[in-house]
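Undergrad: Next up, data-v8.txt (compact mmCIF, C-alpha atoms).
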# COMPACT_ATOMS: atom_id res chain seq x y z
CA MET A 1258 -4.21 -35.71 -15.69
CA SER A 1259 -1.75 -34.74 -18.47
CA TYR A 1260 1.13 -32.34 -17.88
CA SER A 1261 -0.55 -29.74 -20.09
CA SER A 1262 -3.89 -29.87 -18.27
CA ALA A 1263 -2.11 -29.83 -14.88
CA LEU A 1264 -0.38 -26.61 -15.96
CA GLN A 1265 -3.65 -25.14 -17.17
CA SER A 1266 -5.31 -25.97 -13.87
CA LEU A 1267 -2.42 -24.45 -11.89
CA GLU A 1268 -2.55 -21.29 -14.03
CA ARG A 1269 -6.28 -20.89 -13.34
CA LEU A 1270 -5.73 -21.42 -9.62
CA LEU A 1271 -2.92 -18.86 -9.35
CA GLN A 1272 -4.80 -16.31 -11.44
CA SER A 1273 -7.93 -16.75 -9.35
CA PHE A 1274 -5.92 -16.29 -6.15
CA LEU A 1275 -4.39 -13.04 -7.41
CA GLU A 1276 -7.78 -11.75 -8.61
CA ARG A 1277 -9.33 -12.44 -5.20
CA ALA A 1278 -6.39 -10.92 -3.35
CA VAL A 1279 -6.68 -7.73 -5.40
CA ALA A 1280 -10.49 -7.66 -5.12
CA ALA A 1281 -10.18 -7.82 -1.32
CA LYS A 1282 -8.02 -4.69 -1.45
CA GLU A 1283 -10.13 -2.81 -3.98
CA ARG A 1284 -10.94 0.25 -1.86
CA ARG A 1285 -7.34 0.34 -0.60
CA LEU A 1286 -6.12 0.19 -4.19
CA GLU A 1287 -8.29 3.16 -5.14
CA VAL A 1288 -6.72 5.15 -2.32
CA LEU A 1289 -3.18 4.08 -3.26
CA ASP A 1290 -3.84 4.86 -6.92
CA GLY A 1291 -5.11 8.33 -5.98
CA ILE A 1292 -2.09 9.04 -3.77
CA ASN A 1293 0.25 7.73 -6.47
CA ARG A 1294 -1.35 9.98 -9.12
CA LEU A 1295 -1.07 12.98 -6.81
CA ASP A 1296 2.59 12.10 -6.25
CA ASP A 1297 3.15 11.99 -10.03
CA ILE A 1298 1.57 15.46 -10.28
CA ALA A 1299 3.85 16.74 -7.50
CA ARG A 1300 6.91 15.40 -9.33
CA SER A 1301 5.76 17.04 -12.59
CA SER A 1302 5.29 20.35 -10.78
CA GLN A 1303 8.83 20.14 -9.38
CA GLU A 1304 10.11 19.62 -12.92
CA GLY A 1305 8.45 22.90 -13.87
CA GLN A 1306 5.58 21.37 -15.86
CA ASP A 1307 2.13 22.97 -15.93
CA ILE A 1308 -0.04 20.94 -13.54
CA ILE A 1309 -3.10 23.20 -13.28
CA GLU A 1310 -5.30 20.94 -15.39
CA SER A 1311 -4.13 17.63 -13.91
CA ILE A 1312 -4.42 18.78 -10.29
CA GLY A 1313 -7.88 20.18 -11.04
CA GLU A 1314 -8.94 16.78 -12.37
CA TRP A 1315 -7.45 15.08 -9.33
CA PHE A 1316 -9.44 17.30 -6.94
CA ALA A 1317 -12.61 16.49 -8.87
CA ASP A 1318 -11.93 12.71 -8.89
CA GLN A 1319 -11.07 12.41 -5.21
CA GLY A 1320 -13.75 14.72 -3.79
CA ASP A 1321 -15.02 12.13 -1.30
CA TRP A 1322 -11.63 12.02 0.36
CA LEU A 1323 -12.41 15.35 1.99
CA GLU A 1324 -14.68 13.38 4.32
CA GLY A 1325 -11.74 11.14 5.21
CA ASN A 1326 -13.56 8.14 3.68
CA GLY A 1327 -11.39 5.02 3.63
CA LEU A 1328 -8.20 6.91 4.46
CA ARG A 1329 -5.78 5.72 7.11
CA GLY A 1330 -3.71 7.94 9.36
CA GLY A 1331 -0.63 7.28 7.24
CA ASP A 1332 -2.54 8.25 4.06
CA LEU A 1333 -3.52 11.62 5.52
CA GLY A 1334 0.10 12.29 6.44
CA ARG A 1335 1.26 11.36 2.93
CA LEU A 1336 -1.45 13.53 1.35
CA ASP A 1337 -0.49 16.47 3.51
CA ARG A 1338 3.20 16.17 2.54
CA ILE A 1339 2.45 15.84 -1.19
CA LEU A 1340 -0.03 18.75 -1.16
CA ALA A 1341 2.57 20.87 0.64
CA ALA A 1342 5.17 19.99 -2.03
CA ILE A 1343 2.74 20.99 -4.80
CA ASN A 1344 1.87 24.24 -3.02
CA SER A 1345 5.54 25.06 -2.64
CA SER A 1346 6.24 24.39 -6.35
CA LEU A 1347 3.31 26.57 -7.37
CA SER A 1348 4.56 29.40 -5.16
CA LEU A 1349 8.05 29.12 -6.64
CA SER A 1350 6.70 29.18 -10.18
CA GLY A 1351 5.27 32.67 -9.53
CA ASP A 1352 2.15 31.81 -11.54
CA SER A 1353 -0.42 34.45 -10.54
CA SER A 1354 -3.14 33.47 -13.02
CA PRO A 1355 -6.72 33.06 -11.70
CA ALA A 1356 -6.47 29.31 -12.33
CA ALA A 1357 -3.30 29.03 -10.22
CA ALA A 1358 -4.91 31.11 -7.45
CA LYS A 1359 -7.93 28.82 -7.47
CA ILE A 1360 -5.70 25.75 -7.24
CA ARG A 1361 -3.78 27.30 -4.32
CA SER A 1362 -7.02 27.95 -2.42
CA GLU A 1363 -8.15 24.38 -3.15
CA LEU A 1364 -4.81 23.06 -1.89
CA ASP A 1365 -5.30 24.97 1.37
CA ARG A 1366 -8.83 23.61 1.72
CA TRP A 1367 -7.59 20.04 1.21
CA SER A 1368 -4.74 20.53 3.63
CA ARG A 1369 -7.14 21.78 6.34
CA ALA A 1370 -9.59 18.96 5.60
CA SER A 1371 -6.92 16.26 5.83
CA LYS A 1372 -5.87 17.60 9.24
CA SER A 1373 -9.44 17.71 10.56
CA ALA A 1374 -10.14 14.21 9.17
CA SER A 1375 -7.22 12.83 11.15
CA GLN A 1376 -8.55 14.56 14.28
CA LYS A 1377 -12.02 13.12 13.64
CA LEU A 1378 -10.58 9.61 13.78
CA ILE A 1379 -9.34 10.23 17.31
CA LEU A 1380 -12.60 11.71 18.52
CA LYS A 1381 -14.64 8.73 17.34
CA ARG A 1382 -13.25 6.46 20.08
CA GLY A 1383 -15.48 6.18 23.14
CA PRO A 1384 -14.46 5.37 26.73
CA GLU A 1385 -14.07 1.60 27.15
CA ALA A 1386 -15.25 1.61 30.75
CA ALA A 1387 -18.75 2.65 29.66
CA GLU A 1388 -19.12 -0.22 27.16
CA SER A 1389 -20.88 -3.52 27.79
CA SER A 1390 -18.90 -6.77 27.52
CA ALA A 1391 -20.26 -7.42 23.98
CA ASP A 1392 -19.14 -3.94 22.95
CA SER A 1393 -15.70 -4.52 24.40
CA VAL A 1394 -15.29 -7.58 22.16
CA LEU A 1395 -16.31 -5.50 19.14
CA LEU A 1396 -14.11 -2.57 20.16
CA PHE A 1397 -11.09 -4.80 20.66
CA GLY A 1398 -11.65 -6.29 17.19
CA LYS A 1399 -11.78 -2.80 15.73
CA LEU A 1400 -8.64 -1.85 17.63
CA LEU A 1401 -6.82 -4.85 16.16
CA ASP A 1402 -7.91 -3.76 12.67
CA ARG A 1403 -6.60 -0.24 13.30
CA LEU A 1404 -3.34 -1.56 14.70
CA ALA A 1405 -2.93 -3.84 11.66
CA GLY A 1406 -3.45 -0.83 9.36
CA ARG A 1407 -1.03 1.28 11.39
CA TYR A 1408 1.54 -1.54 11.34
CA ASP A 1409 1.02 -1.97 7.59
CA ASP A 1410 1.73 1.73 7.01
CA SER A 1411 4.63 1.91 9.40
CA SER A 1412 6.39 -1.30 8.29
CA ARG A 1413 6.61 -0.30 4.63
CA SER A 1414 10.17 0.48 3.61
CA LYS A 1415 11.47 -0.65 7.02
CA GLU A 1416 14.00 -3.44 7.14
CA HIS A 1417 13.64 -4.46 10.79
CA LEU A 1418 10.88 -4.63 13.37
CA LEU A 1419 12.98 -2.43 15.67
CA SER A 1420 12.65 0.41 13.13
CA VAL A 1421 8.86 -0.05 13.14
CA LEU A 1422 8.91 0.04 16.95
CA ASP A 1423 11.02 3.20 16.95
CA ASP A 1424 8.57 4.84 14.53
CA SER A 1425 5.57 3.72 16.59
CA LEU A 1426 7.05 5.00 19.87
CA ARG A 1427 7.81 8.35 18.23
CA SER A 1428 4.17 8.59 17.06
CA ALA A 1429 2.96 7.73 20.57
CA GLN A 1430 5.11 10.52 22.02
CA THR A 1431 4.57 13.25 19.43
CA GLN A 1432 0.94 12.59 18.48
CA LYS A 1433 -0.05 11.30 21.94
CA SER A 1434 -1.66 8.40 20.10
CA LYS A 1435 -3.04 5.58 22.22
CA ASP A 1436 -3.11 3.25 19.20
CA ALA A 1437 0.61 3.87 18.61
CA LEU A 1438 1.20 3.22 22.31
CA LEU A 1439 -0.64 -0.11 22.18
CA LEU A 1440 1.13 -1.17 18.97
CA SER A 1441 4.48 -0.32 20.58
CA ALA A 1442 3.64 -2.38 23.67
CA PHE A 1443 2.58 -5.28 21.47
CA ILE A 1444 5.85 -5.20 19.50
CA ILE A 1445 7.94 -4.89 22.68
CA TYR A 1446 6.25 -7.95 24.19
CA TYR A 1447 6.79 -9.88 20.96
CA LEU A 1448 10.49 -8.91 20.89
CA LYS A 1449 10.87 -9.85 24.56
CA GLN A 1450 9.42 -13.29 23.82
CA ASN A 1451 12.09 -13.62 21.12
CA ASN A 1452 14.94 -12.77 23.53
CA TYR A 1453 15.62 -9.21 22.39
CA LYS A 1454 16.86 -6.68 24.95
CA VAL A 1455 13.92 -4.31 25.25
CA GLY A 1456 14.90 -2.23 28.33
CA PRO A 1457 15.42 1.11 26.50
CA TYR A 1458 12.17 0.65 24.57
CA VAL A 1459 10.23 -0.10 27.76
CA ARG A 1460 11.53 3.19 29.22
CA ARG A 1461 10.39 5.08 26.11
CA LEU A 1462 7.02 3.29 26.29
CA LYS A 1463 6.53 4.46 29.89
CA GLU A 1464 7.40 8.03 28.94
CA ALA A 1465 4.95 7.90 26.03
CA GLU A 1466 2.29 6.36 28.28
CA ALA A 1467 2.62 9.27 30.71
CA LEU A 1468 2.26 11.77 27.84
CA VAL A 1469 -0.84 10.00 26.45
CA ARG A 1470 -2.40 9.84 29.92
CA GLU A 1471 -1.73 13.53 30.48
CA GLU A 1472 -3.27 14.37 27.09
CA ARG A 1473 -6.42 12.37 27.88
CA GLN A 1474 -6.81 14.11 31.24
CA HIS A 1475 -6.71 17.51 29.54
CA ALA A 1476 -9.07 16.43 26.74
CA MET B 1035 6.44 12.55 -1.62
CA LEU B 1036 6.30 8.77 -1.93
CA ASP B 1037 9.56 6.86 -2.17
CA GLN B 1038 10.24 4.83 -5.31
CA ALA B 1039 9.64 1.47 -3.58
CA GLU B 1040 6.19 2.54 -2.35
CA LYS B 1041 5.31 3.76 -5.84
CA ALA B 1042 6.54 0.50 -7.37
CA TYR B 1043 4.46 -1.62 -4.94
CA CYS B 1044 1.40 0.48 -5.70
CA LEU B 1045 1.94 0.13 -9.46
CA ALA B 1046 2.43 -3.63 -9.05
CA LEU B 1047 -0.96 -3.94 -7.33
CA LEU B 1048 -2.61 -1.83 -10.04
CA ALA B 1049 -0.99 -4.02 -12.73
CA LEU B 1050 -2.35 -7.11 -10.97
CA LYS B 1051 -5.80 -5.51 -11.02
CA ASP B 1052 -5.41 -5.05 -14.81
CA LYS B 1053 -4.12 -8.65 -15.07
CA ASP B 1054 -0.90 -7.34 -16.61
CA TYR B 1055 1.30 -9.90 -14.86
CA PRO B 1056 4.64 -9.13 -16.62
CA ALA B 1057 4.30 -5.45 -15.64
CA ALA B 1058 3.35 -6.45 -12.08
CA SER B 1059 6.48 -8.61 -11.89
CA ASP B 1060 8.69 -5.69 -13.02
CA HIS B 1061 7.19 -3.39 -10.41
CA PHE B 1062 7.46 -6.04 -7.66
CA ASN B 1063 11.15 -6.50 -8.52
CA ARG B 1064 11.78 -2.77 -8.18
CA ALA B 1065 10.00 -2.67 -4.81
CA ALA B 1066 11.55 -5.89 -3.49
CA PRO B 1067 14.60 -4.48 -1.63
CA HIS B 1068 12.36 -2.42 0.64
CA PHE B 1069 9.60 -4.97 1.19
CA LYS B 1070 11.55 -8.21 1.53
CA ASP B 1071 10.22 -8.78 5.09
CA ASN B 1072 6.60 -7.95 4.23
CA ARG B 1073 4.60 -11.20 4.13
CA GLU B 1074 1.81 -9.89 1.92
CA PHE B 1075 4.30 -8.44 -0.54
CA ASN B 1076 6.22 -11.73 -0.72
CA LEU B 1077 3.05 -13.77 -1.17
CA LEU B 1078 1.77 -11.61 -4.04
CA SER B 1079 5.12 -11.21 -5.82
CA GLN B 1080 6.02 -14.90 -5.59
CA THR B 1081 2.56 -15.97 -6.77
CA THR B 1082 2.96 -13.61 -9.74
CA GLU B 1083 6.38 -15.10 -10.56
CA LEU B 1084 4.97 -18.62 -10.35
CA LEU B 1085 2.03 -17.68 -12.58
CA LEU B 1086 4.40 -16.19 -15.18
CA ALA B 1087 6.56 -19.33 -15.07
CA VAL B 1088 3.49 -21.51 -15.63
CA LYS B 1089 2.32 -19.31 -18.51
CA LYS B 1090 5.80 -19.50 -20.08
CA GLU B 1091 5.84 -23.27 -19.81
CA ARG B 1092 2.39 -23.50 -21.38
CA THR B 1093 3.45 -21.21 -24.25
CA LYS B 1094 6.48 -23.46 -24.81
CA LEU B 1095 4.26 -26.53 -24.96
CA ASP B 1096 1.91 -24.82 -27.44
CA SER B 1097 4.80 -23.76 -29.70
CA ASP B 1098 6.09 -27.36 -29.71
CA ASP B 1099 2.70 -28.39 -31.09
CA MET B 1100 2.91 -25.71 -33.80
CA ILE B 1101 6.29 -26.98 -35.03
CA GLU B 1102 4.78 -30.38 -35.63
CA LEU B 1103 2.00 -28.80 -37.71
CA GLU B 1104 4.50 -26.82 -39.81
CA GLU B 1105 6.35 -30.04 -40.68
CA VAL B 1106 3.16 -31.72 -41.86
CA LEU B 1107 2.09 -28.90 -44.24
CA PRO B 1108 5.13 -28.87 -46.63
CA TYR B 1109 4.83 -32.63 -46.90
CA GLY B 1110 1.23 -32.24 -48.04
CA LYS B 1111 2.18 -29.59 -50.68
CA GLU B 1112 4.98 -31.74 -52.12
CA LYS B 1113 2.53 -34.58 -52.48
CA ASP B 1114 0.19 -32.36 -54.57
CA PHE B 1115 2.99 -31.51 -57.03
CA CYS B 1116 3.72 -35.14 -57.80
Here is a file; write its structure as structure tokens.

TA:
Amino acid sequence: MSYSSALQSLERLLQSFLERAVAAKERRLEVLDGINRLDDIARSSQEGQDIIESIGEWFADQGDWLEGNGLRGGDLGRLDRILAAINSSLSLSGDSSPAAAKIRSELDRWSRASKSASQKLILKRGPEAAESSADSVLLFGKLLDRLAGRYDDSSRSKEHLLSVLDDSLRSAQTQKSKDALLLSAFIIYYLKQNNYKVGPYVRRLKEAEALVREERQHA
Amino acid sequence: MLDQAEKAYCLALLALKDKDYPAASDHFNRAAPHFKDNREFNLLSQTTELLLAVKKERTKLDSDDMIELEEVLPYGKEKDFC
């Protein structure tokens, strides 16, 4: 094979790999694109630009998000923060036109929907004790998927695993999230296997575990 | 609000989807300081860099071929004048 044809073959291989990698994340990319566009709108609104038309288009494009389709816990949190920033900019602008009022009411509706969608995710989990052994295999697989998504969200912009662990433990304590608790335990065990001192984190894990247990008893 | 690194990573993925590899590389470079320990990020950004390097090398090879062609053409014209 000549040098030129070897290069051509390598180019095709690399391009095909990237295409497949992106195709595998297509739905995720749509979500990220939507969040990124909303973030651009929020930045424009903070610069005093008129965003009524662009935010209206965004609401129309992302209508299915109100059902929580394809959104992760981290996405709902991001959406809520960005929507709050837009709402605050609109309030500061003092725009009292009918269009601005309509956008404000739509912002409130989205904010409420994103909160209820995140609650829906928690309610979907059934008690493990009632499941058959085949279901437990399936449920554990789904749990691993959720933990991977949670880790993916939490590890972005973090420089060390300890920061991810800190974030995860805080979520377990404040949101009483069992997934965050399990992810924290997983990371602690991994760190312990790699000779880190995990004593303080184990204490926080036990505190979070007590809070999650208490929450489940009251549920 | 998203931080600039998150936005850059998102834009890099969208550029990859559009097969705009130079733009993807720029966005990956801007996101790199915050994602240097993220395996998926490293895999995608380094594959993009390698692809761009291969494309550059191929372009160089093609332009070498063109220089040879340019040298042949004036020779042919001179011959016609004689």

Undergrad: Of the candidates B:Asp1054, B:Leu1085, B:Asp1060, B:Ala1042, which shows the shortest atom-to-atom distance to chain A, using only C-alpha atoms?

TA: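 Distance minimum relative to chain A lands on B:Leu1085.
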
Undergrad: Under the rule that all atoms listed in the file are counted, which of A:Ala1370, A:Trp1322, A:Arg1413, A:Glu1304 is the nearest residue to chain B?

TA: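 Using all atoms listed in the file, chain B sits closest to A:Arg1413.
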
Undergrad: Using only C-alpha atoms, which protein or nucleic acid residues come within 12 Å of Asn1076 (chain B)? Drop anything in the same chain fewer than 2 positions from it, and give the result as a ChimeraX atom specification.

TA: /B:1043,1059,1062-1063,1065-1074,1078-1084

Undergrad: For those residues, write C-alpha atoms to a file as a JSON list (two decimals), keeping the file's coordinate frame.

TA:
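Final output, selection-v5.json:
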[["chain", "number", "residue", "atom", "x", "y", "z"],
["B", 1043, "TYR", "CA", 4.46, -1.62, -4.94],
["B", 1059, "SER", "CA", 6.48, -8.61, -11.89],
["B", 1062, "PHE", "CA", 7.46, -6.04, -7.66],
["B", 1063, "ASN", "CA", 11.15, -6.50, -8.52],
["B", 1065, "ALA", "CA", 10.00, -2.67, -4.81],
["B", 1066, "ALA", "CA", 11.55, -5.89, -3.49],
["B", 1067, "PRO", "CA", 14.60, -4.48, -1.63],
["B", 1068, "HIS", "CA", 12.36, -2.42, 0.64],
["B", 1069, "PHE", "CA", 9.60, -4.97, 1.19],
["B", 1070, "LYS", "CA", 11.55, -8.21, 1.53],
["B", 1071, "ASP", "CA", 10.22, -8.78, 5.09],
["B", 1072, "ASN", "CA", 6.60, -7.95, 4.23],
["B", 1073, "ARG", "CA", 4.60, -11.20, 4.13],
["B", 1074, "GLU", "CA", 1.81, -9.89, 1.92],
["B", 1078, "LEU", "CA", 1.77, -11.61, -4.04],
["B", 1079, "SER", "CA", 5.12, -11.21, -5.82],
["B", 1080, "GLN", "CA", 6.02, -14.90, -5.59],
["B", 1081, "THR", "CA", 2.56, -15.97, -6.77],
["B", 1082, "THR", "CA", 2.96, -13.61, -9.74],
["B", 1083, "GLU", "CA", 6.38, -15.10, -10.56],
["B", 1084, "LEU", "CA", 4.97, -18.62, -10.35]]

Undergrad: What residues in chain A lie within 10 Å of chain B, counting all atoms listed in the file, written as a VMD selection string?

TA: chain A and resid 1260 to 1262 1264 to 1265 1267 to 1272 1274 to 1280 1282 to 1283 1286 to 1290 1292 to 1297 1299 to 1300 1335 to 1343 1409 1412 to 1418

Undergrad: Would you mind exporting C-alpha atoms of the selected residues as a PDB file, keeping the file's coordinate frame?

TA:
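In the end it all went to part-v9.pdb:
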ATOM      1  CA  TYR A1260       1.130 -32.340 -17.880  1.00  0.00           C
ATOM      2  CA  SER A1261      -0.550 -29.740 -20.090  1.00  0.00           C
ATOM      3  CA  SER A1262      -3.890 -29.870 -18.270  1.00  0.00           C
ATOM      4  CA  LEU A1264      -0.380 -26.610 -15.960  1.00  0.00           C
ATOM      5  CA  GLN A1265      -3.650 -25.140 -17.170  1.00  0.00           C
ATOM      6  CA  LEU A1267      -2.420 -24.450 -11.890  1.00  0.00           C
ATOM      7  CA  GLU A1268      -2.550 -21.290 -14.030  1.00  0.00           C
ATOM      8  CA  ARG A1269      -6.280 -20.890 -13.340  1.00  0.00           C
ATOM      9  CA  LEU A1270      -5.730 -21.420  -9.620  1.00  0.00           C
ATOM     10  CA  LEU A1271      -2.920 -18.860  -9.350  1.00  0.00           C
ATOM     11  CA  GLN A1272      -4.800 -16.310 -11.440  1.00  0.00           C
ATOM     12  CA  PHE A1274      -5.920 -16.290  -6.150  1.00  0.00           C
ATOM     13  CA  LEU A1275      -4.390 -13.040  -7.410  1.00  0.00           C
ATOM     14  CA  GLU A1276      -7.780 -11.750  -8.610  1.00  0.00           C
ATOM     15  CA  ARG A1277      -9.330 -12.440  -5.200  1.00  0.00           C
ATOM     16  CA  ALA A1278      -6.390 -10.920  -3.350  1.00  0.00           C
ATOM     17  CA  VAL A1279      -6.680  -7.730  -5.400  1.00  0.00           C
ATOM     18  CA  ALA A1280     -10.490  -7.660  -5.120  1.00  0.00           C
ATOM     19  CA  LYS A1282      -8.020  -4.690  -1.450  1.00  0.00           C
ATOM     20  CA  GLU A1283     -10.130  -2.810  -3.980  1.00  0.00           C
ATOM     21  CA  LEU A1286      -6.120   0.190  -4.190  1.00  0.00           C
ATOM     22  CA  GLU A1287      -8.290   3.160  -5.140  1.00  0.00           C
ATOM     23  CA  VAL A1288      -6.720   5.150  -2.320  1.00  0.00           C
ATOM     24  CA  LEU A1289      -3.180   4.080  -3.260  1.00  0.00           C
ATOM     25  CA  ASP A1290      -3.840   4.860  -6.920  1.00  0.00           C
ATOM     26  CA  ILE A1292      -2.090   9.040  -3.770  1.00  0.00           C
ATOM     27  CA  ASN A1293       0.250   7.730  -6.470  1.00  0.00           C
ATOM     28  CA  ARG A1294      -1.350   9.980  -9.120  1.00  0.00           C
ATOM     29  CA  LEU A1295      -1.070  12.980  -6.810  1.00  0.00           C
ATOM     30  CA  ASP A1296       2.590  12.100  -6.250  1.00  0.00           C
ATOM     31  CA  ASP A1297       3.150  11.990 -10.030  1.00  0.00           C
ATOM     32  CA  ALA A1299       3.850  16.740  -7.500  1.00  0.00           C
ATOM     33  CA  ARG A1300       6.910  15.400  -9.330  1.00  0.00           C
ATOM     34  CA  ARG A1335       1.260  11.360   2.930  1.00  0.00           C
ATOM     35  CA  LEU A1336      -1.450  13.530   1.350  1.00  0.00           C
ATOM     36  CA  ASP A1337      -0.490  16.470   3.510  1.00  0.00           C
ATOM     37  CA  ARG A1338       3.200  16.170   2.540  1.00  0.00           C
ATOM     38  CA  ILE A1339       2.450  15.840  -1.190  1.00  0.00           C
ATOM     39  CA  LEU A1340      -0.030  18.750  -1.160  1.00  0.00           C
ATOM     40  CA  ALA A1341       2.570  20.870   0.640  1.00  0.00           C
ATOM     41  CA  ALA A1342       5.170  19.990  -2.030  1.00  0.00           C
ATOM     42  CA  ILE A1343       2.740  20.990  -4.800  1.00  0.00           C
ATOM     43  CA  ASP A1409       1.020  -1.970   7.590  1.00  0.00           C
ATOM     44  CA  SER A1412       6.390  -1.300   8.290  1.00  0.00           C
ATOM     45  CA  ARG A1413       6.610  -0.300   4.630  1.00  0.00           C
ATOM     46  CA  SER A1414      10.170   0.480   3.610  1.00  0.00           C
ATOM     47  CA  LYS A1415      11.470  -0.650   7.020  1.00  0.00           C
ATOM     48  CA  GLU A1416      14.000  -3.440   7.140  1.00  0.00           C
ATOM     49  CA  HIS A1417      13.640  -4.460  10.790  1.00  0.00           C
ATOM     50  CA  LEU A1418      10.880  -4.630  13.370  1.00  0.00           C
TER      51      LEU A1418
END

Undergrad: Could you check which of A:Arg1284, A:Arg1470, A:Lys1454, A:Arg1329 is closest to Ala1405 (chain A), using all atoms listed in the file?

TA: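 Of all the options, A:Arg1329 lies closest to Ala1405 (chain A).
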
Undergrad: So how far away is CA of Trp1367 (chain A) from CA of Leu1349 (chain A), in Å?

TA: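 Separating CA of Leu1349 (chain A) from CA of Trp1367 (chain A) is a distance of 19.7 Å.
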